[in-house]
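Student: Contents of coords-v8.txt (compact mmCIF, C-alpha atoms):
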# COMPACT_ATOMS: atom_id res chain seq x y z
CA MET E 87 -107.85 -95.16 59.22
CA ARG E 88 -105.94 -92.34 57.65
CA THR E 89 -107.10 -88.88 58.66
CA LYS E 90 -107.93 -86.60 55.77
CA LEU E 91 -106.60 -83.06 55.98
CA LEU E 92 -108.85 -80.24 54.81
CA ARG E 93 -106.95 -77.99 52.47
CA VAL E 94 -107.93 -74.33 52.40
CA ASP E 95 -106.93 -72.40 49.33
CA GLY E 96 -105.93 -68.75 49.36
CA ALA E 97 -109.38 -67.36 48.49
CA ALA E 98 -111.09 -69.34 51.24
CA ARG E 99 -108.41 -68.32 53.75
CA ARG E 100 -108.98 -64.64 52.93
CA PHE E 101 -112.75 -65.13 53.34
CA PHE E 102 -112.39 -66.64 56.83
CA MET E 103 -110.00 -63.86 57.89
CA LEU E 104 -112.37 -61.13 56.66
CA THR E 105 -115.32 -62.78 58.43
CA ALA E 106 -113.39 -62.83 61.70
CA LEU E 107 -112.62 -59.13 61.37
CA VAL E 108 -116.20 -58.01 60.83
CA TRP E 109 -117.99 -60.54 63.10
CA PRO E 110 -119.70 -58.55 65.91
CA ILE E 111 -118.16 -58.68 69.37
CA VAL E 112 -120.83 -59.54 71.93
CA THR E 113 -120.24 -57.97 75.32
CA PRO E 114 -121.82 -59.34 78.54
CA ARG E 115 -124.23 -56.41 78.60
CA MET E 116 -125.29 -57.08 75.00
CA ALA E 117 -125.75 -60.77 75.70
CA LEU E 118 -127.79 -60.03 78.81
CA ALA E 119 -129.96 -57.56 76.93
CA GLN E 120 -130.67 -60.17 74.26
CA THR E 121 -131.78 -63.05 76.53
CA PRO E 122 -134.36 -62.22 77.64
CA THR E 123 -135.38 -58.76 76.42
CA ARG E 124 -138.31 -58.47 78.84
CA ILE E 125 -138.88 -59.31 82.47
CA LYS E 126 -142.16 -59.37 84.37
CA ILE E 127 -142.48 -58.13 87.93
CA ALA E 128 -145.22 -57.44 90.49
CA ALA E 129 -145.05 -54.18 92.45
CA ALA E 130 -147.05 -52.26 95.04
CA SER E 131 -149.19 -49.50 93.56
CA ASN E 132 -147.42 -46.74 95.53
CA LEU E 133 -144.43 -47.30 93.23
CA LYS E 134 -146.28 -46.43 90.02
CA PHE E 135 -144.51 -43.18 89.20
CA ALA E 136 -141.10 -44.05 90.64
CA LEU E 137 -141.03 -47.27 88.63
CA ALA E 138 -141.88 -45.42 85.43
CA ASP E 139 -138.66 -43.42 85.80
CA LEU E 140 -136.62 -46.41 86.94
CA LYS E 141 -137.78 -48.61 84.07
CA SER E 142 -136.81 -45.93 81.57
CA LEU E 143 -133.32 -45.56 83.03
CA PHE E 144 -132.80 -49.31 83.14
CA GLN E 145 -133.94 -49.80 79.57
CA GLN E 146 -131.59 -47.08 78.36
CA GLU E 147 -128.67 -48.80 80.05
CA THR E 148 -129.43 -52.44 79.23
CA GLY E 149 -132.07 -52.62 76.50
CA ILE E 150 -134.24 -54.74 78.81
CA TYR E 151 -137.93 -53.93 79.17
CA VAL E 152 -139.65 -54.29 82.54
CA ASP E 153 -143.35 -55.15 82.50
CA VAL E 154 -145.04 -54.25 85.79
CA ASN E 155 -148.18 -55.68 87.37
CA LEU E 156 -149.27 -53.06 89.93
CA GLY E 157 -151.58 -53.73 92.85
CA ALA E 158 -151.99 -53.98 96.60
CA SER E 159 -149.15 -55.93 98.19
CA GLY E 160 -151.54 -58.39 99.80
CA ASN E 161 -153.32 -59.15 96.54
CA LEU E 162 -150.05 -59.53 94.64
CA ALA E 163 -148.57 -61.89 97.22
CA ARG E 164 -151.68 -64.07 97.03
CA GLN E 165 -151.55 -64.09 93.23
CA ILE E 166 -147.88 -65.10 93.31
CA LEU E 167 -148.72 -67.99 95.61
CA GLN E 168 -151.39 -68.98 93.09
CA GLY E 169 -148.87 -68.98 90.24
CA LEU E 170 -148.65 -65.40 88.91
CA PRO E 171 -145.76 -65.62 86.38
CA VAL E 172 -143.40 -62.89 87.59
CA GLU E 173 -139.70 -62.87 88.41
CA GLN E 174 -139.65 -60.26 91.15
CA PHE E 175 -141.97 -58.91 93.83
CA ILE E 176 -141.53 -55.32 95.06
CA SER E 177 -143.68 -55.02 98.15
CA ALA E 178 -144.83 -52.02 100.15
CA ASP E 179 -143.93 -53.87 103.33
CA GLU E 180 -141.82 -56.78 104.58
CA ASP E 181 -144.49 -59.16 105.85
CA ARG E 182 -145.69 -60.16 102.37
CA VAL E 183 -142.14 -60.94 101.27
CA ALA E 184 -141.66 -63.02 104.41
CA GLU E 185 -144.79 -65.02 103.53
CA LEU E 186 -143.43 -65.85 100.09
CA PHE E 187 -140.02 -66.71 101.50
CA LYS E 188 -141.58 -69.07 104.06
CA ALA E 189 -143.56 -70.71 101.25
CA GLY E 190 -140.35 -71.34 99.32
CA ARG E 191 -141.28 -69.11 96.39
CA THR E 192 -138.28 -66.76 96.59
CA LEU E 193 -134.53 -67.05 96.10
CA ASP E 194 -133.83 -65.50 99.50
CA ALA E 195 -135.35 -63.18 102.09
CA GLY E 196 -134.98 -60.15 99.82
CA GLN E 197 -133.69 -56.69 100.67
CA ARG E 198 -135.05 -53.31 101.68
CA TYR E 199 -135.06 -50.73 98.91
CA ALA E 200 -136.90 -47.73 100.41
CA THR E 201 -138.88 -46.42 103.37
CA GLY E 202 -142.37 -45.19 102.57
CA ARG E 203 -143.95 -41.96 103.76
CA LEU E 204 -147.57 -40.91 104.22
CA ALA E 205 -149.35 -37.82 102.95
CA LEU E 206 -152.59 -36.17 104.02
CA ILE E 207 -154.50 -35.04 100.93
CA VAL E 208 -157.57 -32.96 100.14
CA PRO E 209 -158.96 -31.79 96.77
CA SER E 210 -157.30 -28.70 95.31
CA ASN E 211 -160.40 -26.56 95.92
CA SER E 212 -160.96 -27.74 99.50
CA ALA E 213 -161.31 -25.29 102.37
CA LEU E 214 -160.30 -27.86 104.99
CA PRO E 215 -157.41 -26.65 107.25
CA LEU E 216 -154.73 -28.90 105.74
CA ALA E 217 -151.83 -26.91 107.19
CA GLN E 218 -153.14 -27.55 110.71
CA GLY E 219 -152.66 -31.28 110.35
CA LEU E 220 -154.58 -34.54 110.41
CA ALA E 221 -156.75 -34.00 113.48
CA ALA E 222 -157.89 -30.57 112.28
CA VAL E 223 -158.84 -31.92 108.85
CA VAL E 224 -160.90 -34.76 110.30
CA ARG E 225 -162.65 -32.38 112.69
CA GLY E 226 -163.42 -30.12 109.73
CA LEU E 227 -165.28 -32.81 107.79
CA LYS E 228 -169.01 -32.27 107.40
CA PRO E 229 -171.66 -34.95 107.93
CA GLY E 230 -171.67 -37.15 104.87
CA ASP E 231 -168.06 -36.33 103.93
CA LYS E 232 -165.75 -39.26 103.21
CA PHE E 233 -162.16 -39.94 104.25
CA ALA E 234 -160.19 -42.28 101.94
CA ILE E 235 -157.45 -44.73 102.88
CA ALA E 236 -156.13 -47.95 101.36
CA ASN E 237 -157.74 -51.15 102.63
CA PRO E 238 -155.66 -52.18 105.68
CA SER E 239 -156.30 -55.87 105.01
CA LEU E 240 -154.59 -55.57 101.62
CA ALA E 241 -152.24 -52.59 101.68
CA PRO E 242 -149.52 -51.63 104.19
CA TYR E 243 -150.27 -47.96 103.54
CA GLY E 244 -153.79 -48.58 104.84
CA VAL E 245 -152.39 -50.05 108.05
CA ALA E 246 -150.09 -47.03 108.45
CA ALA E 247 -153.00 -44.65 107.77
CA GLU E 248 -155.03 -46.19 110.59
CA GLU E 249 -152.03 -45.91 112.91
CA ALA E 250 -151.67 -42.23 111.97
CA LEU E 251 -155.33 -41.57 112.74
CA GLN E 252 -154.94 -43.28 116.13
CA ARG E 253 -151.69 -41.56 117.12
CA SER E 254 -152.93 -38.13 116.04
CA GLY E 255 -155.77 -38.41 118.54
CA VAL E 256 -158.52 -38.89 115.96
CA GLY E 257 -159.02 -42.56 116.68
CA PRO E 258 -160.80 -45.02 114.37
CA LEU E 259 -163.11 -43.42 111.83
CA ALA E 260 -166.75 -44.40 111.76
CA ALA E 261 -167.59 -46.95 109.08
CA TRP E 262 -169.90 -44.52 107.28
CA GLN E 263 -167.14 -41.90 107.16
CA LYS E 264 -164.41 -44.12 105.74
CA VAL E 265 -163.99 -45.20 102.12
CA LEU E 266 -161.44 -47.91 101.34
CA GLY E 267 -159.42 -48.19 98.17
CA ASP E 268 -158.05 -51.54 97.03
CA ASN E 269 -154.62 -49.89 97.20
CA ALA E 270 -153.01 -46.52 97.87
CA GLY E 271 -153.43 -45.51 94.24
CA GLN E 272 -157.19 -45.95 94.37
CA ALA E 273 -157.42 -44.06 97.66
CA THR E 274 -155.57 -41.19 95.99
CA GLN E 275 -158.02 -41.19 93.09
CA PHE E 276 -161.00 -41.05 95.44
CA VAL E 277 -159.75 -37.70 96.75
CA ALA E 278 -158.49 -36.38 93.40
CA THR E 279 -161.89 -36.96 91.79
CA GLY E 280 -163.90 -35.59 94.73
CA ALA E 281 -165.39 -38.95 95.71
CA ALA E 282 -163.78 -38.38 99.11
CA GLN E 283 -163.16 -35.02 100.79
CA ALA E 284 -159.86 -36.02 102.42
CA GLY E 285 -157.61 -39.01 102.76
CA ILE E 286 -154.23 -40.51 103.53
CA THR E 287 -152.05 -42.00 100.83
CA ALA E 288 -148.43 -42.57 99.85
CA LEU E 289 -146.48 -39.34 99.54
CA ALA E 290 -144.95 -40.77 96.36
CA LEU E 291 -148.39 -40.85 94.72
CA ALA E 292 -149.49 -37.42 95.90
CA MET E 293 -146.49 -35.30 94.95
CA VAL E 294 -146.26 -36.16 91.24
CA PRO E 295 -146.94 -33.46 88.61
CA GLU E 296 -150.08 -35.30 87.51
CA MET E 297 -151.68 -34.45 90.85
CA ALA E 298 -150.47 -30.86 91.15
CA ASN E 299 -153.80 -29.36 89.99
CA LYS E 300 -155.97 -31.94 91.73
CA LEU E 301 -154.66 -32.16 95.29
CA GLN E 302 -153.37 -30.22 98.23
CA VAL E 303 -150.72 -32.31 99.97
CA LEU E 304 -149.20 -32.37 103.45
CA ALA E 305 -146.49 -34.89 104.30
CA LEU E 306 -147.31 -36.53 107.63
CA PRO E 307 -144.67 -36.87 110.37
CA ALA E 308 -142.97 -40.26 110.47
CA HIS E 309 -143.70 -40.67 114.20
CA LEU E 310 -147.42 -41.08 113.48
CA HIS E 311 -146.94 -44.63 112.24
CA ALA E 312 -144.54 -47.56 112.34
CA PRO E 313 -141.78 -47.34 109.70
CA LEU E 314 -142.92 -48.41 106.25
CA HIS E 315 -139.95 -50.59 105.40
CA GLN E 316 -140.40 -51.69 101.79
CA ARG E 317 -138.74 -54.90 100.60
CA MET E 318 -138.14 -56.52 97.22
CA VAL E 319 -137.31 -60.11 96.41
CA LEU E 320 -136.49 -62.30 93.42
CA LEU E 321 -138.70 -65.32 92.88
CA GLN E 322 -137.59 -68.83 92.11
CA GLY E 323 -136.44 -69.11 88.48
CA ALA E 324 -135.54 -65.42 88.16
CA SER E 325 -133.48 -64.78 85.04
CA PRO E 326 -130.08 -63.07 84.87
CA ALA E 327 -131.89 -59.99 83.54
CA ALA E 328 -134.15 -59.90 86.61
CA ARG E 329 -131.12 -60.21 88.87
CA THR E 330 -129.50 -57.29 87.08
CA TRP E 331 -132.69 -55.24 87.53
CA GLN E 332 -132.74 -55.96 91.27
CA ARG E 333 -129.11 -54.90 91.61
CA PHE E 334 -129.94 -51.72 89.70
CA LEU E 335 -132.73 -50.89 92.17
CA GLY E 336 -130.18 -50.95 94.99
CA SER E 337 -127.73 -48.68 93.18
CA PRO E 338 -127.08 -45.03 94.11
CA GLN E 339 -128.66 -43.99 90.81
CA ALA E 340 -131.92 -45.76 91.62
CA GLN E 341 -131.89 -44.62 95.24
CA ALA E 342 -131.77 -41.01 94.04
CA VAL E 343 -134.95 -41.66 92.03
CA PHE E 344 -136.74 -43.09 95.06
CA VAL E 345 -135.80 -40.05 97.15
CA ARG E 346 -136.95 -37.68 94.40
CA HIS E 347 -140.34 -39.43 94.47
CA GLY E 348 -140.83 -38.88 98.18
CA TYR E 349 -139.33 -42.00 99.73
CA ALA E 350 -136.71 -42.10 102.43
CA LEU E 351 -133.63 -44.28 102.03
CA PRO E 352 -133.92 -47.82 103.41
CA GLN E 353 -133.16 -48.02 107.11
Write out the structure in this file as structure tokens.
Tutor:
Amino acid sequence: MRTKLLRVDGAARRFFMLTALVWPIVTPRMALAQTPTRIKIAAASNLKFALADLKSLFQQETGIYVDVNLGASGNLARQILQGLPVEQFISADEDRVAELFKAGRTLDAGQRYATGRLALIVPSNSALPLAQGLAAVVRGLKPGDKFAIANPSLAPYGVAAEEALQRSGVGPLAAWQKVLGDNAGQATQFVATGAAQAGITALALAMVPEMANKLQVLALPAHLHAPLHQRMVLLQGASPAARTWQRFLGSPQAQAVFVRHGYALPQ
């Protein structure tokens, strides 16, 4: 069979050349930003304000939106095991990530991204002796007053709060005196709204401008509790965009945001 040659006249040749000149050049960043344009993640509630800043920076650089499902680390890990459709889990501890890794839901064992810190908080109009520390505040509570912490069975910050109470010499609070939030964010709101007269929460949630007129805040010494190593991990099926987001969270630029929000660098 004789092959037919396609003849291109001068006008057609000029058209193809002009098209080549004006056809957009797609860079790797542009391609990444186009597919997909959104990623979904699950993150511990203590990260609410830090993630707002980080998402904005990331979107400016890549065009990729990050949709966040906030909650207690324990609840989120359980939801992921049950099929929650997210590409990344940013936990407030390491144990929950280890559970998902053992169950085969993650790409690897993840990496530390920050070290959490605790804060003792009281309402802005409180007369409790905040500057004297945790033991003095608890001793200053009146009968019927409430002390808020995150639920230790769900939130690592609740576990750390109980350790701080023990190591400060206060010991376990009576059941009637303690009010538990589903997560650190809810514990913070209990104190900010006056539903509790004092509490322990994440420093990152207490030091934001939104709480400046609602709370008095004292950062608690790190020796009062075991280190709050916080770990993130990509889940099976994570997209290239999600991988880029995780790398961004480990960058010096992102680390500076975490520090500004009250976290220590990962140890």
Student: Could you check which of E:Val154, E:Ala195, E:Leu167, E:Leu162 is closest to Leu320 in chain E, using all atoms listed in the file?
Tutor: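 That would be E:Ala195, the residue with the smallest distance to Leu320 in chain E.
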Student: Name the closest residue to Val172 in chain E among the candidates E:Gln263, E:Thr192, E:Thr148, E:Asn237; distances are taken between atoms, counting only C-alpha atoms.
Tutor: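 For Val172 in chain E, the nearest of the given residues is E:Thr192.
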Student: Rank nothing, just name the residue among E:Asp179, E:Ala312, E:Ala129, E:Leu306 nearest to Arg198 in chain E, using all atoms listed in the file.
Tutor: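 Checking each of E:Asp179, E:Ala312, E:Ala129, E:Leu306 against Arg198 in chain E, counting all atoms listed in the file, the winner is E:Asp179.
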Student: Rounded to one decimal place, report the CA of Gly285 in chain E-CA of Pro352 in chain E distance in Å.
Tutor: 25.3 Å
Student: Work out how far apart CA of Ile286 in chain E and CA of Tyr243 in chain E are and give it in Å to one decimal.
Tutor: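 Here the two named atoms are 8.4 Å from each other.
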Student: Select, from E:Ala278, E:Ile127, E:Leu291, E:Ile207, the residue with the minimum atom-to-atom distance to Leu170 in chain E, counting all atoms listed in the file.
Tutor: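 Under the stated criterion, the closest residue is E:Ile127.
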Student: Please output range 324-336 of chain E, rebuilt to include N, CA and C atoms, as a tab-separated table (two decimals), keeping the file's coordinate frame.
Tutor:
chain	number	residue	atom	x	y	z
E	324	ALA	N	-135.83	-66.76	88.69
E	324	ALA	CA	-135.54	-65.42	88.16
E	324	ALA	C	-134.37	-65.48	87.20
E	325	SER	N	-134.49	-64.78	86.08
E	325	SER	CA	-133.48	-64.78	85.04
E	325	SER	C	-132.30	-63.88	85.39
E	326	PRO	N	-131.19	-64.00	84.66
E	326	PRO	CA	-130.08	-63.07	84.87
E	326	PRO	C	-130.50	-61.61	84.68
E	327	ALA	N	-131.41	-61.36	83.75
E	327	ALA	CA	-131.89	-59.99	83.54
E	327	ALA	C	-132.61	-59.47	84.77
E	328	ALA	N	-133.44	-60.31	85.40
E	328	ALA	CA	-134.15	-59.90	86.61
E	328	ALA	C	-133.18	-59.63	87.75
E	329	ARG	N	-132.13	-60.43	87.83
E	329	ARG	CA	-131.12	-60.21	88.87
E	329	ARG	C	-130.40	-58.88	88.65
E	330	THR	N	-130.14	-58.57	87.39
E	330	THR	CA	-129.50	-57.29	87.08
E	330	THR	C	-130.41	-56.13	87.44
E	331	TRP	N	-131.70	-56.26	87.18
E	331	TRP	CA	-132.69	-55.24	87.53
E	331	TRP	C	-132.73	-55.02	89.04
E	332	GLN	N	-132.71	-56.10	89.81
E	332	GLN	CA	-132.74	-55.96	91.27
E	332	GLN	C	-131.49	-55.26	91.78
E	333	ARG	N	-130.34	-55.61	91.21
E	333	ARG	CA	-129.11	-54.90	91.61
E	333	ARG	C	-129.20	-53.42	91.26
E	334	PHE	N	-129.77	-53.12	90.11
E	334	PHE	CA	-129.94	-51.72	89.70
E	334	PHE	C	-130.78	-50.95	90.71
E	335	LEU	N	-131.85	-51.58	91.22
E	335	LEU	CA	-132.73	-50.89	92.17
E	335	LEU	C	-132.02	-50.56	93.48
E	336	GLY	N	-130.95	-51.26	93.78
E	336	GLY	CA	-130.18	-50.95	94.99
E	336	GLY	C	-129.02	-50.01	94.74
